[in-house]
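Student: Sending over run_11.txt (compact mmCIF, C-alpha atoms).
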# COMPACT_ATOMS: atom_id res chain seq x y z
CA MET D 14 133.57 279.18 -141.34
CA SER D 15 136.51 278.59 -139.04
CA ASN D 16 139.26 276.20 -139.98
CA LYS D 17 138.15 273.82 -137.25
CA GLU D 18 134.60 273.80 -138.60
CA GLN D 19 135.88 273.19 -142.11
CA VAL D 20 137.96 270.22 -140.99
CA PHE D 21 135.04 268.86 -138.99
CA LYS D 22 132.69 269.27 -141.96
CA GLU D 23 135.03 267.25 -144.16
CA ILE D 24 135.42 264.53 -141.54
CA PHE D 25 131.65 264.41 -140.96
CA GLN D 26 130.81 264.23 -144.64
CA ALA D 27 133.37 261.52 -145.30
CA ASN D 28 132.36 259.30 -142.38
CA SER D 29 128.85 260.03 -141.14
CA LYS D 30 126.98 257.72 -143.47
CA LYS D 31 129.04 254.66 -142.61
CA ILE D 32 128.97 255.46 -138.91
CA TYR D 33 125.21 255.84 -139.18
CA HIS D 34 124.96 252.40 -140.78
CA LEU D 35 127.00 250.98 -137.92
CA CYS D 36 124.75 252.64 -135.34
CA PHE D 37 121.60 251.60 -137.18
CA GLY D 38 122.80 248.03 -137.56
CA TYR D 39 123.63 247.97 -133.87
CA THR D 40 120.42 249.48 -132.50
CA GLY D 41 117.93 248.71 -135.23
CA ASP D 42 116.37 252.04 -134.41
CA ASP D 43 116.53 255.23 -136.43
CA ASP D 44 116.26 257.65 -133.50
CA ALA D 45 118.82 255.78 -131.45
CA ALA D 46 121.15 255.61 -134.46
CA ASN D 47 120.94 259.37 -134.92
CA ASP D 48 121.56 259.92 -131.21
CA LEU D 49 124.59 257.66 -131.32
CA LEU D 50 125.89 259.33 -134.43
CA GLN D 51 125.53 262.71 -132.79
CA GLU D 52 127.25 261.51 -129.63
CA THR D 53 130.10 260.03 -131.65
CA PHE D 54 130.69 263.21 -133.61
CA LEU D 55 130.38 265.35 -130.49
CA LYS D 56 133.37 263.44 -129.18
CA VAL D 57 135.13 263.93 -132.50
CA TRP D 58 134.47 267.68 -132.37
CA GLN D 59 135.65 267.90 -128.76
CA ASN D 60 138.84 266.06 -129.60
CA LEU D 61 139.51 267.37 -133.07
CA GLU D 62 143.02 268.49 -132.13
CA LYS D 63 144.00 264.92 -131.31
CA PHE D 64 142.75 263.72 -134.67
CA ARG D 65 145.26 265.83 -136.52
CA ASN D 66 147.98 263.43 -135.43
CA GLN D 67 146.05 260.30 -136.31
CA ALA D 68 146.97 258.59 -139.55
CA MET D 69 143.70 256.74 -140.02
CA ILE D 70 140.99 259.10 -138.89
CA SER D 71 138.16 256.79 -139.94
CA THR D 72 139.57 253.99 -137.75
CA TRP D 73 139.45 256.21 -134.70
CA ILE D 74 135.98 257.48 -135.49
CA TYR D 75 134.78 253.91 -135.89
CA ARG D 76 136.33 253.02 -132.58
CA ILE D 77 134.66 255.93 -130.82
CA ALA D 78 131.37 254.92 -132.45
CA VAL D 79 131.77 251.31 -131.31
CA ASN D 80 132.53 252.39 -127.74
CA THR D 81 129.64 254.84 -127.83
CA CYS D 82 127.31 252.12 -129.09
CA LEU D 83 128.37 249.67 -126.39
CA THR D 84 127.87 252.07 -123.50
CA TYR D 85 124.84 253.80 -124.95
CA LEU D 86 122.94 250.57 -125.17
CA LYS D 87 123.91 249.75 -121.61
CA SER D 88 123.06 253.11 -120.13
CA GLU D 89 119.80 253.56 -121.92
CA LYS D 90 118.92 249.90 -121.76
CA ARG D 91 117.88 250.05 -125.35
CA GLN D 92 117.55 246.80 -127.18
CA ALA D 93 117.61 246.24 -130.87
CA LYS D 94 114.07 246.20 -132.11
CA ASP D 95 112.66 243.42 -134.20
CA GLU D 96 110.23 245.81 -135.77
CA LEU D 97 112.14 248.52 -137.51
CA THR D 98 110.96 252.06 -137.79
CA PRO D 99 109.68 253.24 -141.17
CA ASN D 100 112.63 255.59 -141.49
CA ILE D 101 114.75 252.65 -142.42
CA ILE D 102 113.50 253.31 -145.87
CA GLU D 103 113.84 256.76 -147.29
CA ASN D 104 111.76 259.44 -145.68
CA LYS D 105 110.02 260.10 -148.96
CA VAL D 106 106.54 258.69 -149.14
CA GLU D 107 106.57 256.16 -151.92
CA GLU D 108 105.52 252.64 -152.53
CA VAL D 109 107.51 250.07 -150.68
CA SER D 110 109.51 248.51 -153.43
CA GLU D 111 111.01 245.07 -153.37
CA LYS D 112 114.48 246.55 -152.79
CA GLN D 113 113.30 248.48 -149.78
CA GLU D 114 111.68 245.38 -148.38
CA GLN D 115 114.96 243.55 -148.85
CA ILE D 116 116.86 246.28 -147.00
CA LYS D 117 114.34 246.16 -144.19
CA THR D 118 114.70 242.39 -143.98
CA LEU D 119 118.48 242.69 -144.00
CA TYR D 120 118.41 245.06 -141.03
CA GLN D 121 115.98 242.77 -139.24
CA CYS D 122 118.39 239.90 -139.71
CA ILE D 123 121.33 242.00 -138.52
CA SER D 124 119.37 242.84 -135.38
CA LYS D 125 119.23 239.12 -134.60
CA LEU D 126 123.02 238.84 -134.47
CA GLU D 127 125.04 239.34 -131.31
CA GLU D 128 126.20 242.88 -130.55
CA ASN D 129 129.79 242.47 -131.72
CA GLU D 130 128.62 240.58 -134.80
CA ARG D 131 126.33 243.47 -135.76
CA ILE D 132 129.22 245.88 -135.45
CA ILE D 133 131.64 243.75 -137.44
CA ILE D 134 129.24 242.83 -140.25
CA THR D 135 128.12 246.40 -140.91
CA MET D 136 131.76 247.35 -141.32
CA VAL D 137 132.33 244.39 -143.65
CA MET D 138 129.35 245.39 -145.79
CA ASP D 139 130.54 248.98 -145.88
CA GLU D 140 133.85 247.59 -147.20
CA VAL D 141 136.03 248.67 -144.32
CA PRO D 142 139.34 246.81 -144.86
CA TYR D 143 139.90 243.81 -142.59
CA PRO D 144 143.06 245.18 -140.92
CA GLU D 145 141.06 248.29 -140.00
CA ILE D 146 138.19 246.24 -138.57
CA ALA D 147 140.76 244.24 -136.58
CA GLU D 148 142.22 247.48 -135.25
CA ILE D 149 138.78 248.88 -134.34
CA SER D 150 137.47 245.77 -132.66
CA GLY D 151 140.73 244.83 -130.95
CA ILE D 152 140.58 241.33 -132.44
CA SER D 153 143.62 239.89 -134.19
CA GLU D 154 143.30 239.72 -137.95
CA GLY D 155 143.51 235.94 -138.09
CA ASN D 156 140.74 235.49 -135.56
CA LEU D 157 138.72 238.23 -137.16
CA ARG D 158 138.74 236.47 -140.53
CA VAL D 159 137.32 233.34 -138.91
CA LYS D 160 134.71 235.40 -137.07
CA ILE D 161 133.71 237.24 -140.23
CA HIS D 162 133.36 233.98 -142.11
CA ARG D 163 130.99 232.72 -139.41
CA ILE D 164 128.98 235.93 -139.25
CA LYS D 165 128.59 236.02 -143.04
CA HIS D 166 127.29 232.47 -142.95
CA LYS D 167 124.95 233.22 -140.04
CA LEU D 168 123.55 236.36 -141.66
CA THR D 169 123.03 234.66 -145.02
CA GLU D 170 121.21 231.80 -143.26
CA LEU D 171 119.03 234.22 -141.33
CA TYR D 172 118.20 236.15 -144.47
CA ASN D 173 117.31 233.10 -146.53
CA GLU D 174 115.24 231.72 -143.66
CA HIS D 175 113.37 235.00 -143.50
CA GLU D 176 112.80 234.93 -147.26
CA ARG D 177 111.38 231.44 -147.07
CA LEU D 178 108.76 232.51 -144.48
CA MET M 30 112.44 232.85 -154.21
CA SER M 31 116.11 232.09 -154.91
CA MET M 32 118.67 231.58 -152.16
CA LYS M 33 121.00 234.50 -151.69
CA ASP M 34 124.68 234.42 -150.94
CA PHE M 35 126.55 237.01 -148.91
CA ASP M 36 127.56 239.02 -151.99
CA SER M 37 123.87 239.43 -152.85
CA LEU M 38 123.29 240.79 -149.34
CA VAL M 39 126.11 243.29 -149.87
CA GLY M 40 124.37 244.25 -153.12
CA ILE M 41 121.14 244.89 -151.18
CA TRP M 42 123.12 246.79 -148.52
CA ASN M 43 124.64 249.07 -151.14
CA GLU M 44 121.18 249.90 -152.50
CA GLN M 45 120.05 251.42 -149.23
CA LYS M 46 119.48 255.12 -149.08
CA THR M 47 119.39 255.30 -145.31
CA SER M 48 121.25 258.31 -144.09
CA PRO M 49 121.50 260.30 -140.88
CA ASN M 50 118.94 262.96 -140.05
CA ILE M 51 121.58 265.28 -138.67
CA ASN M 52 124.34 267.27 -140.27
CA TYR M 53 127.67 268.53 -139.02
CA LYS M 54 126.27 271.97 -138.14
CA GLU M 55 123.73 270.46 -135.79
CA VAL M 56 126.50 268.59 -134.00
CA ILE M 57 128.50 271.78 -133.54
CA ASN M 58 125.42 273.73 -132.43
CA HIS M 59 124.45 270.98 -130.04
CA TYR M 60 127.91 271.15 -128.53
CA LYS M 61 127.86 274.92 -128.27
CA THR M 62 124.39 275.19 -126.74
CA ASN M 63 124.47 272.20 -124.43
CA ARG M 64 128.09 272.22 -123.39
CA SER M 65 127.80 269.20 -121.23
CA LYS M 66 124.76 269.49 -118.99
CA LEU M 67 126.22 267.07 -116.50
CA SER M 68 129.42 269.04 -116.16
CA PHE M 69 127.31 272.16 -115.64
CA LYS M 70 125.36 270.40 -112.90
CA PHE M 71 128.61 269.38 -111.22
CA LEU M 72 129.93 272.92 -111.52
CA LEU M 73 126.79 274.32 -109.90
CA GLU M 74 127.13 271.85 -107.04
CA ILE M 75 130.78 272.75 -106.62
CA LEU M 76 129.87 276.45 -106.58
CA ALA M 77 127.17 275.89 -103.94
CA MET M 78 129.61 273.93 -101.83
CA LEU M 79 132.28 276.62 -102.22
CA ILE M 80 129.80 279.16 -100.89
CA ALA M 81 129.05 276.87 -97.93
CA PHE M 82 132.79 276.43 -97.38
CA SER M 83 133.32 280.21 -97.42
CA VAL M 84 130.47 280.81 -94.96
CA VAL M 85 131.80 278.17 -92.55
CA SER M 86 135.32 279.59 -92.87
CA TYR M 87 133.99 283.11 -92.26
CA ILE M 88 132.22 281.96 -89.08
CA PHE M 89 135.36 280.11 -88.00
CA PHE M 90 137.60 283.16 -88.30
CA THR M 91 135.27 285.97 -87.26
CA ILE M 92 133.20 284.61 -84.38
CA GLU M 93 134.87 283.97 -81.07
CA PHE M 94 133.59 280.78 -79.58
CA GLU M 95 134.02 279.82 -75.98
CA PHE M 96 134.13 276.10 -76.61
CA TRP M 97 136.80 274.29 -78.59
CA THR M 98 134.10 271.92 -79.80
CA SER M 99 132.68 274.70 -82.00
CA TYR M 100 136.00 275.06 -83.83
CA VAL M 101 136.45 271.32 -84.24
CA GLY M 102 132.85 271.06 -85.45
CA LEU M 103 133.39 273.76 -88.07
CA ILE M 104 136.62 272.13 -89.23
CA LEU M 105 134.82 268.80 -89.68
CA VAL M 106 132.02 270.47 -91.64
CA ASN M 107 134.60 272.13 -93.86
CA ILE M 108 136.41 268.84 -94.38
CA CYS M 109 133.10 267.47 -95.68
CA CYS M 110 132.80 270.46 -98.03
CA ILE M 111 136.34 269.86 -99.31
CA TYR M 112 135.64 266.15 -99.75
CA PHE M 113 132.47 266.93 -101.71
CA ILE M 114 134.24 269.43 -103.94
CA ALA M 115 137.17 267.05 -104.49
CA MET M 116 134.84 264.21 -105.47
CA GLN M 117 132.94 266.41 -107.89
CA ILE M 118 136.19 267.58 -109.49
CA ILE M 119 137.36 263.96 -109.81
CA ASN M 120 134.03 263.06 -111.41
CA LEU M 121 134.30 266.00 -113.77
CA LYS M 122 137.81 264.97 -114.74
CA ASN M 123 136.66 261.41 -115.30
CA ILE M 124 133.89 262.59 -117.57
CA ALA M 125 136.28 264.77 -119.52
CA ASN M 126 138.91 262.03 -119.51
CA SER M 127 139.57 261.59 -123.18
CA ASN M 128 142.38 259.11 -122.68
CA THR M 129 139.74 256.46 -123.07
CA LEU M 130 138.57 257.92 -126.34
CA PHE M 131 140.61 255.58 -128.51
CA ASP M 132 140.38 252.54 -126.25
CA LYS M 133 139.80 249.18 -127.77
CA PRO M 134 136.26 247.98 -126.94
CA GLN M 135 137.54 245.55 -124.28
CA ASP M 136 139.53 248.30 -122.54
CA HIS M 137 136.66 250.72 -122.86
CA ILE M 138 134.24 248.23 -121.32
CA GLN M 139 136.73 247.66 -118.49
CA PHE M 140 137.06 251.41 -117.90
CA ILE M 141 133.30 251.87 -117.73
CA LYS M 142 133.01 248.97 -115.30
CA GLU M 143 135.61 250.47 -113.01
CA PHE M 144 134.11 253.94 -113.25
CA LYS M 145 130.68 252.64 -112.34
CA LYS M 146 132.09 250.68 -109.43
CA SER M 147 133.87 253.73 -108.09
CA ARG M 148 130.64 255.74 -108.35
CA TYR M 149 128.88 252.99 -106.45
CA ILE M 150 131.46 253.09 -103.67
CA GLN M 151 131.10 256.87 -103.53
CA HIS M 152 127.37 256.57 -103.06
CA THR M 153 127.48 253.85 -100.45
CA ARG M 154 130.61 253.48 -98.30
CA ASN M 155 131.93 257.01 -98.77
CA TYR M 156 128.51 258.50 -98.18
CA LYS M 157 128.31 256.72 -94.81
CA VAL M 158 131.64 258.21 -93.75
CA TYR M 159 130.61 261.61 -95.15
CA THR M 160 127.32 261.56 -93.20
CA PHE M 161 129.08 260.46 -90.02
CA VAL M 162 131.75 263.18 -90.19
CA LEU M 163 129.20 265.87 -91.09
CA GLY M 164 126.89 264.72 -88.28
CA LEU M 165 129.76 264.70 -85.82
CA GLY M 166 130.86 268.16 -86.95
CA LEU M 167 127.39 269.61 -86.53
CA SER M 168 126.92 267.89 -83.15
CA LEU M 169 130.15 269.38 -81.84
CA TYR M 170 129.20 272.76 -83.23
CA PHE M 171 125.84 272.62 -81.47
CA VAL M 172 127.39 271.93 -78.03
CA GLU M 173 128.08 275.59 -77.40
CA PHE M 174 124.61 276.57 -78.50
CA PHE M 175 123.13 274.45 -75.75
CA TYR M 176 124.51 276.98 -73.31
CA ARG M 177 123.76 280.05 -75.36
CA LEU M 178 120.42 279.59 -77.07
CA ASN M 179 116.95 279.26 -75.75
CA LEU M 180 116.20 275.59 -75.13
CA ALA M 181 113.11 275.53 -77.34
CA VAL M 182 115.00 277.05 -80.26
CA MET M 183 117.86 274.65 -79.72
CA ILE M 184 115.59 271.62 -79.63
CA THR M 185 113.91 272.75 -82.85
CA VAL M 186 117.24 273.26 -84.62
CA VAL M 187 118.65 269.92 -83.48
CA ALA M 188 115.43 268.06 -84.24
CA ALA M 189 115.24 269.58 -87.71
CA THR M 190 118.89 268.69 -88.38
CA ILE M 191 118.46 265.12 -87.20
CA ALA M 192 115.25 264.76 -89.18
CA TRP M 193 117.01 265.97 -92.32
CA PHE M 194 119.87 263.51 -91.79
CA VAL M 195 117.45 260.66 -91.22
CA ILE M 196 115.43 261.55 -94.33
CA CYS M 197 118.60 261.79 -96.44
CA TYR M 198 120.25 258.67 -95.10
CA LEU M 199 117.34 256.30 -94.62
CA TYR M 200 115.01 257.46 -97.36
CA LEU M 201 116.44 259.59 -100.17
CA MET M 202 119.82 257.88 -100.33
CA LYS M 203 118.29 254.40 -100.04
CA ILE M 204 116.04 255.09 -103.03
CA TYR M 205 118.96 256.56 -104.96
CA ILE M 206 121.27 253.65 -104.14
CA LYS M 207 118.61 251.08 -105.00
CA LYS M 208 118.05 252.72 -108.37
CA GLU M 209 121.77 252.97 -109.02
CA GLU M 210 122.36 249.39 -107.90
CA LYS M 211 119.78 248.08 -110.33
CA ARG M 212 121.33 250.09 -113.12
CA PHE M 213 124.81 248.87 -112.19
CA ASN M 214 123.72 245.26 -112.05
CA ASP M 215 122.02 245.46 -115.42
CA MET M 216 124.99 247.26 -116.87
CA LEU M 217 127.56 244.89 -115.45
CA THR M 218 125.66 241.86 -116.72
CA ASP M 219 125.61 243.38 -120.19
CA LEU M 220 129.22 244.47 -120.03
CA GLU M 221 130.33 240.99 -118.99
CA ARG M 222 128.51 239.53 -121.98
CA LEU M 223 130.01 242.12 -124.31
CA ASN M 224 133.46 241.57 -122.87
CA GLU M 225 133.18 237.93 -123.81
CA GLN M 226 132.04 238.78 -127.33
CA PHE M 227 135.02 241.02 -127.90
CA SER M 228 137.60 238.58 -126.57
CA ASP M 229 140.28 237.81 -129.09
CA GLU M 230 139.47 234.15 -129.33
CA VAL M 231 137.77 232.17 -132.00
Take the structure in this file and express it as structure tokens.
Tutor:
Amino acid sequence: MSNKEQVFKEIFQANSKKIYHLCFGYTGDDDAANDLLQETFLKVWQNLEKFRNQAMISTWIYRIAVNTCLTYLKSEKRQAKDELTPNIIENKVEEVSEKQEQIKTLYQCISKLEENERIIITMVMDEVPYPEIAEISGISEGNLRVKIHRIKHKLTELYNEHERL
Amino acid sequence: MSMKDFDSLVGIWNEQKTSPNINYKEVINHYKTNRSKLSFKFLLEILAMLIAFSVVSYIFFTIEFEFWTSYVGLILVNICCIYFIAMQIINLKNIANSNTLFDKPQDHIQFIKEFKKSRYIQHTRNYKVYTFVLGLGLSLYFVEFFYRLNLAVMITVVAATIAWFVICYLYLMKIYIKKEEKRFNDMLTDLERLNEQFSDEV
């Protein structure tokens, strides 16, 4: 394995899951999320040399993913689906447990948020530090904190509403 | 069922086992096997146009025409070839332009908007000029043939050329532009909305 491939492997393994969550939260679709993930990491691979000089690699990968999400949705005219594909739960065939139902519901609620809210909240839930989210989204930290507070409230409301149904 | 707070939702989120269906090797293989289909398409078009350019240049330098119009006609046709090649190279460069890679979402959205607009101009206004110059070039080139070729052959050639121009301009390009315009309008509406969402205001 070449050095470049080794570096890429490490970057992919360290970031792909979170980037996938972001893409999934944004599109609400497993296939689209995988496409977006692939497109994001294709750009990473193509520009690997530039990453060597970047202090916070994950920040830049997130930013590429966000930009890829925004334009991908526009170009393909994909919309977040209300009905999520079964892949949202593990591929293994097993009984749908309560936890899996909750995860499904959570993604359904995320899909009801606005595009930028979906992006921000998936990063919050994946514990990306606030200054990093501010850097990725181009929103000042002060404003971001207010936004996050609102999104958290909105998502919790949506979830509890869904639970009550 | 009890009400959940945000921390409970994070708890649910952390329980998920959702993971991508692709691995790093697939990404690398995908890159290696499909090294940018669009770029390849552009390169093919550039190559085809370079061949056309070479043929026109060859005719220009090797055949002695009696009329100056033939030379001017060939020059105009070659200008169109150069324009086409230049535009394709610009498009290729724009696609490969990685300066936008680390753009903030607002800047990225702005870049895409401008890129789409420039493509639109290329397909509408610039195409009109391109068609006009190419048509003029071919018309001038055909002047000499009126005196050299059999009238029936000449009429067939001119009629076929005009028919092709009319089909391209009034039919094929109209369909293409209409399709593009719809896509642009949809895209711009969405981008405007997104731009607002990413504004740094509370």
Student: Would you give me, as a ChimeraX atom specification, the residues of chain M that come within 7 Å of chain D, using all atoms listed in the file?
Tutor: /M:32-35,39,41-42,45-50,53,56,60,130-131,133-134,137,216,219,226-227,229-231
Student: Could you jot down the CA of Tyr85 in chain D to CA of Lys125 in chain D separation for me, Å, one decimal place?
Tutor: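 Answer for the CA of Tyr85 in chain D to CA of Lys125 in chain D separation: 18.4 Å.
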Student: Which of these residues is nearest to Leu49 in chain D, using all atoms listed in the file: M:Ile138, M:Leu169, M:Val158, M:Ile51?
Tutor: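 With all atoms listed in the file as the atom set, the closest residue is M:Ile51.
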Student: By how many Å are CA of Val195 in chain M and CA of His152 in chain M apart?
Tutor: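 Atom-to-atom, CA of Val195 in chain M to CA of His152 in chain M, that is 16.0 Å.
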Student: Using CA of Pro142 in chain D and CA of Asn16 in chain D as the two end points, give the distance in Å to one decimal.
Tutor: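 Interatomic distance here is 29.8 Å.
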Student: Could you list, as a PyMOL selection string, every residue within 12 Å of range 174-181 of chain M, counting all atoms listed in the file and ignoring same-chain residues fewer than 4 positions away?
Tutor: chain M and resi 94-96+98-99+167-170+185-188
Student: Leu79 in chain M: which residues within 10 Å, counting all atoms listed in the file, same-chain residues fewer than 4 positions away excluded, as JSON, numbers by chain?
Tutor: {"M": [73, 74, 75, 83, 84, 85, 107, 110, 111, 113, 114]}
Student: Hey, which of M:Phe144, M:Ile118, M:Phe90, M:Trp97 ends up closest to Met78 in chain M? Count all atoms listed in the file.
Tutor: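 When distances to Met78 in chain M are compared using all atoms listed in the file, the smallest one comes from M:Ile118.
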Student: Contacts of Lys145 in chain M at 8 Å or less, counting only C-alpha atoms, minus same-chain residues fewer than 4 places along, as an MDAnalysis selection string?
Tutor: chainID M and resid 141 149 213
Student: Print the selection's residues with C-alpha atoms to a file, as a short mmCIF file (atom, residue, chain, number, x, y, z; two decimals), in the coordinates of the input.
Tutor:
data_model
loop_
_atom_site.label_atom_id
_atom_site.label_comp_id
_atom_site.auth_asym_id
_atom_site.auth_seq_id
_atom_site.Cartn_x
_atom_site.Cartn_y
_atom_site.Cartn_z
CA ILE M 141 133.30 251.87 -117.73
CA TYR M 149 128.88 252.99 -106.45
CA PHE M 213 124.81 248.87 -112.19
#
Student: Nearest to Ser71 in chain D among D:Ile123, D:Ile134, D:Ala45, D:Ala27, with distances taken over all atoms listed in the file: which residue is it?
Tutor: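 Selected residue with least distance to Ser71 in chain D: D:Ala27.
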Student: Complete the atom set of range 39-58 of chain M to N, CA, C and O atoms and return it as a PDB file, in the frame of the given file.
Tutor:
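Contents of the output file selection.pdb:
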ATOM      1  N   VAL M  39     125.317 242.046-149.763  1.00  0.00           N
ATOM      2  CA  VAL M  39     126.110 243.290-149.870  1.00  0.00           C
ATOM      3  C   VAL M  39     125.500 244.173-150.965  1.00  0.00           C
ATOM      4  O   VAL M  39     125.417 245.398-150.821  1.00  0.00           O
ATOM      5  N   GLY M  40     125.029 243.515-152.039  1.00  0.00           N
ATOM      6  CA  GLY M  40     124.370 244.250-153.120  1.00  0.00           C
ATOM      7  C   GLY M  40     123.136 244.992-152.599  1.00  0.00           C
ATOM      8  O   GLY M  40     122.921 246.163-152.909  1.00  0.00           O
ATOM      9  N   ILE M  41     122.340 244.282-151.773  1.00  0.00           N
ATOM     10  CA  ILE M  41     121.140 244.890-151.180  1.00  0.00           C
ATOM     11  C   ILE M  41     121.577 246.052-150.266  1.00  0.00           C
ATOM     12  O   ILE M  41     121.010 247.136-150.292  1.00  0.00           O
ATOM     13  N   TRP M  42     122.596 245.788-149.472  1.00  0.00           N
ATOM     14  CA  TRP M  42     123.120 246.790-148.520  1.00  0.00           C
ATOM     15  C   TRP M  42     123.516 248.081-149.253  1.00  0.00           C
ATOM     16  O   TRP M  42     123.221 249.183-148.804  1.00  0.00           O
ATOM     17  N   ASN M  43     124.160 247.893-150.390  1.00  0.00           N
ATOM     18  CA  ASN M  43     124.640 249.070-151.140  1.00  0.00           C
ATOM     19  C   ASN M  43     123.497 249.848-151.804  1.00  0.00           C
ATOM     20  O   ASN M  43     123.688 250.993-152.196  1.00  0.00           O
ATOM     21  N   GLU M  44     122.331 249.219-151.905  1.00  0.00           N
ATOM     22  CA  GLU M  44     121.180 249.900-152.500  1.00  0.00           C
ATOM     23  C   GLU M  44     120.498 250.837-151.510  1.00  0.00           C
ATOM     24  O   GLU M  44     119.690 251.677-151.892  1.00  0.00           O
ATOM     25  N   GLN M  45     120.792 250.655-150.240  1.00  0.00           N
ATOM     26  CA  GLN M  45     120.050 251.420-149.230  1.00  0.00           C
ATOM     27  C   GLN M  45     120.353 252.917-149.328  1.00  0.00           C
ATOM     28  O   GLN M  45     121.457 253.323-149.673  1.00  0.00           O
ATOM     29  N   LYS M  46     119.315 253.666-149.029  1.00  0.00           N
ATOM     30  CA  LYS M  46     119.480 255.120-149.080  1.00  0.00           C
ATOM     31  C   LYS M  46     119.367 255.695-147.666  1.00  0.00           C
ATOM     32  O   LYS M  46     119.129 256.881-147.499  1.00  0.00           O
ATOM     33  N   THR M  47     119.484 254.824-146.697  1.00  0.00           N
ATOM     34  CA  THR M  47     119.390 255.300-145.310  1.00  0.00           C
ATOM     35  C   THR M  47     120.544 256.254-145.039  1.00  0.00           C
ATOM     36  O   THR M  47     121.684 256.008-145.420  1.00  0.00           O
ATOM     37  N   SER M  48     120.211 257.343-144.433  1.00  0.00           N
ATOM     38  CA  SER M  48     121.250 258.310-144.090  1.00  0.00           C
ATOM     39  C   SER M  48     120.848 259.056-142.816  1.00  0.00           C
ATOM     40  O   SER M  48     119.665 259.098-142.457  1.00  0.00           O
ATOM     41  N   PRO M  49     121.815 259.629-142.140  1.00  0.00           N
ATOM     42  CA  PRO M  49     121.500 260.300-140.880  1.00  0.00           C
ATOM     43  C   PRO M  49     120.584 261.508-141.063  1.00  0.00           C
ATOM     44  O   PRO M  49     120.582 262.139-142.119  1.00  0.00           O
ATOM     45  N   ASN M  50     119.826 261.787-140.006  1.00  0.00           N
ATOM     46  CA  ASN M  50     118.940 262.960-140.050  1.00  0.00           C
ATOM     47  C   ASN M  50     119.631 264.222-139.550  1.00  0.00           C
ATOM     48  O   ASN M  50     118.999 265.251-139.419  1.00  0.00           O
ATOM     49  N   ILE M  51     120.885 264.096-139.197  1.00  0.00           N
ATOM     50  CA  ILE M  51     121.580 265.280-138.670  1.00  0.00           C
ATOM     51  C   ILE M  51     122.766 265.626-139.565  1.00  0.00           C
ATOM     52  O   ILE M  51     123.277 264.773-140.290  1.00  0.00           O
ATOM     53  N   ASN M  52     123.152 266.882-139.518  1.00  0.00           N
ATOM     54  CA  ASN M  52     124.340 267.270-140.270  1.00  0.00           C
ATOM     55  C   ASN M  52     125.395 267.842-139.310  1.00  0.00           C
ATOM     56  O   ASN M  52     125.131 267.992-138.117  1.00  0.00           O
ATOM     57  N   TYR M  53     126.545 268.132-139.879  1.00  0.00           N
ATOM     58  CA  TYR M  53     127.670 268.530-139.020  1.00  0.00           C
ATOM     59  C   TYR M  53     127.380 269.805-138.232  1.00  0.00           C
ATOM     60  O   TYR M  53     127.825 269.956-137.093  1.00  0.00           O
ATOM     61  N   LYS M  54     126.586 270.694-138.817  1.00  0.00           N
ATOM     62  CA  LYS M  54     126.270 271.970-138.140  1.00  0.00           C
ATOM     63  C   LYS M  54     125.473 271.735-136.871  1.00  0.00           C
ATOM     64  O   LYS M  54     125.672 272.400-135.856  1.00  0.00           O
ATOM     65  N   GLU M  55     124.545 270.774-136.966  1.00  0.00           N
ATOM     66  CA  GLU M  55     123.730 270.460-135.790  1.00  0.00           C
ATOM     67  C   GLU M  55     124.595 269.934-134.664  1.00  0.00           C
ATOM     68  O   GLU M  55     124.351 270.224-133.497  1.00  0.00           O
ATOM     69  N   VAL M  56     125.593 269.138-135.023  1.00  0.00           N
ATOM     70  CA  VAL M  56     126.500 268.590-134.000  1.00  0.00           C
ATOM     71  C   VAL M  56     127.229 269.735-133.305  1.00  0.00           C
ATOM     72  O   VAL M  56     127.298 269.793-132.068  1.00  0.00           O
ATOM     73  N   ILE M  57     127.748 270.657-134.114  1.00  0.00           N
ATOM     74  CA  ILE M  57     128.500 271.780-133.540  1.00  0.00           C
ATOM     75  C   ILE M  57     127.567 272.643-132.674  1.00  0.00           C
ATOM     76  O   ILE M  57     127.915 273.015-131.549  1.00  0.00           O
ATOM     77  N   ASN M  58     126.370 272.921-133.197  1.00  0.00           N
ATOM     78  CA  ASN M  58     125.420 273.730-132.430  1.00  0.00           C
ATOM     79  C   ASN M  58     125.024 273.053-131.131  1.00  0.00           C
ATOM     80  O   ASN M  58     124.912 273.697-130.090  1.00  0.00           O
TER      81      ASN M  58
END
